[in-house]
Amino acid sequence: MSGYDIVKTRETLIMALKQDDEKAWAVFYELYAPVIINFARKRGCPKELAEDVLQETTMVLMRYLKNFQYDRKKGRFKSLLFKITESKVIDAFRRAGKISRLRNSELFSKATSEDHARIITERENIWDNEWKTMILRESLQEAKKRVNSRVFKCFEEVYLKEKSVEEVAEQLKVSPNLLAQNKFRVMKIIVDTAKKMIHNLEKS
């Protein structure tokens, strides 16, 4: 079962995780492992440390979900996962001795409240970018499953590889009009899938 399959079901992913559903945890890793690892890497963690962040984030989430009561007003899963991941990145830095070096640095000692706000915003932006990448990746995979390979090839060559319509039409032996139709068909699936995932993953 893909990430898209489970987040579009009636039972939300977060409640399935709370029930310790194996498929849900498999989907969690499919969706969020790249987000967490890439975020940690961009925050400065080497590969091994980033993998530790993933494991520790998952363990904290497991403990948290045991007593979790769903309440839309208390915030989003996206924000919760960011806070846990960021705290585990800081823990990883602390173990590696990076926190003490930062605290003793001249830059850190002169940091203002505006500097701290900017740093937090930068970290949130990194997280948001990785989150968007995950949604795009899953949406592309969903589109690839729902159309035949030739239709997706039209989209891939024109939109992803940025080749000209004329070049791709000649390459695939299709008319420019059919090429445009195939591109639109795939794009619609991607957009619709992304909207549904955003609704289910960010609005819940």
# chains A, B, ... in the order shown; residues from 1 in each chain; ligands from 1
>>> residues_around(residues="A:Gln141", least_positions_apart="2", cutoff="12 Å", atoms="only C-alpha atoms", output="list in words")
Ser2, Gly3, Tyr4, Asp5, Leu31, Met134, Ile135, Leu136, Arg137, Glu138, Ser139, Ala143, Lys144, Lys145, Arg146, Val147, Ser149, Phe152, Glu156, Val186, Met187, Ile189, Ile190, Thr193 and Ala194 of chain A
>>> atom_distance(atom1="atom CA of A:Val53", atom2="atom CA of A:Asn38")
10.5 Å
>>> closest_residue(among="A:Arg76, A:Lys163, A:Arg150, A:Arg118", to="A:Leu178", atoms="only C-alpha atoms")
A:Arg150
>>> residues_around(residues="A:Asn125", least_positions_apart="4", cutoff="12 Å", atoms="only C-alpha atoms", output="list in words")
Phe39, Lys42, Arg43, Phe82, Arg118, Ile119, Ile120, Thr121, Asn129, Glu130, Trp131 and Lys132 of chain A
>>> atom_distance(atom1="atom CA of A:Ala50", atom2="atom CA of A:Ile37")
5.2 Å
>>> closest_residue(among="A:Leu54, A:Leu61, A:Cys154, A:Leu179", to="A:Ala33", atoms="only C-alpha atoms")
A:Leu54
>>> residues_around(residues="A:Ala169", least_positions_apart="4", cutoff="12 Å", atoms="only C-alpha atoms", output="list in words")
Arg150, Lys153, Cys154, Phe155, Glu157, Val158, Lys163, Ser164, Val165, Lys173, Val174, Ser175, Pro176, Asn177, Leu178, Leu179, Ala180, Asn182 and Lys183 of chain A
>>> closest_residue(among="A:Arg185, A:Arg41, A:Lys47, A:Arg63", to="A:Glu86", atoms="only C-alpha atoms")
A:Arg41
>>> select_by_dssp(residues="stretch 24-168 of chain A", states="alpha helix (DSSP H)", output="PyMOL selection string")
chain A and resi 24-42+47-66+77-96+98-103+106-109+113-146+149-155+165-168
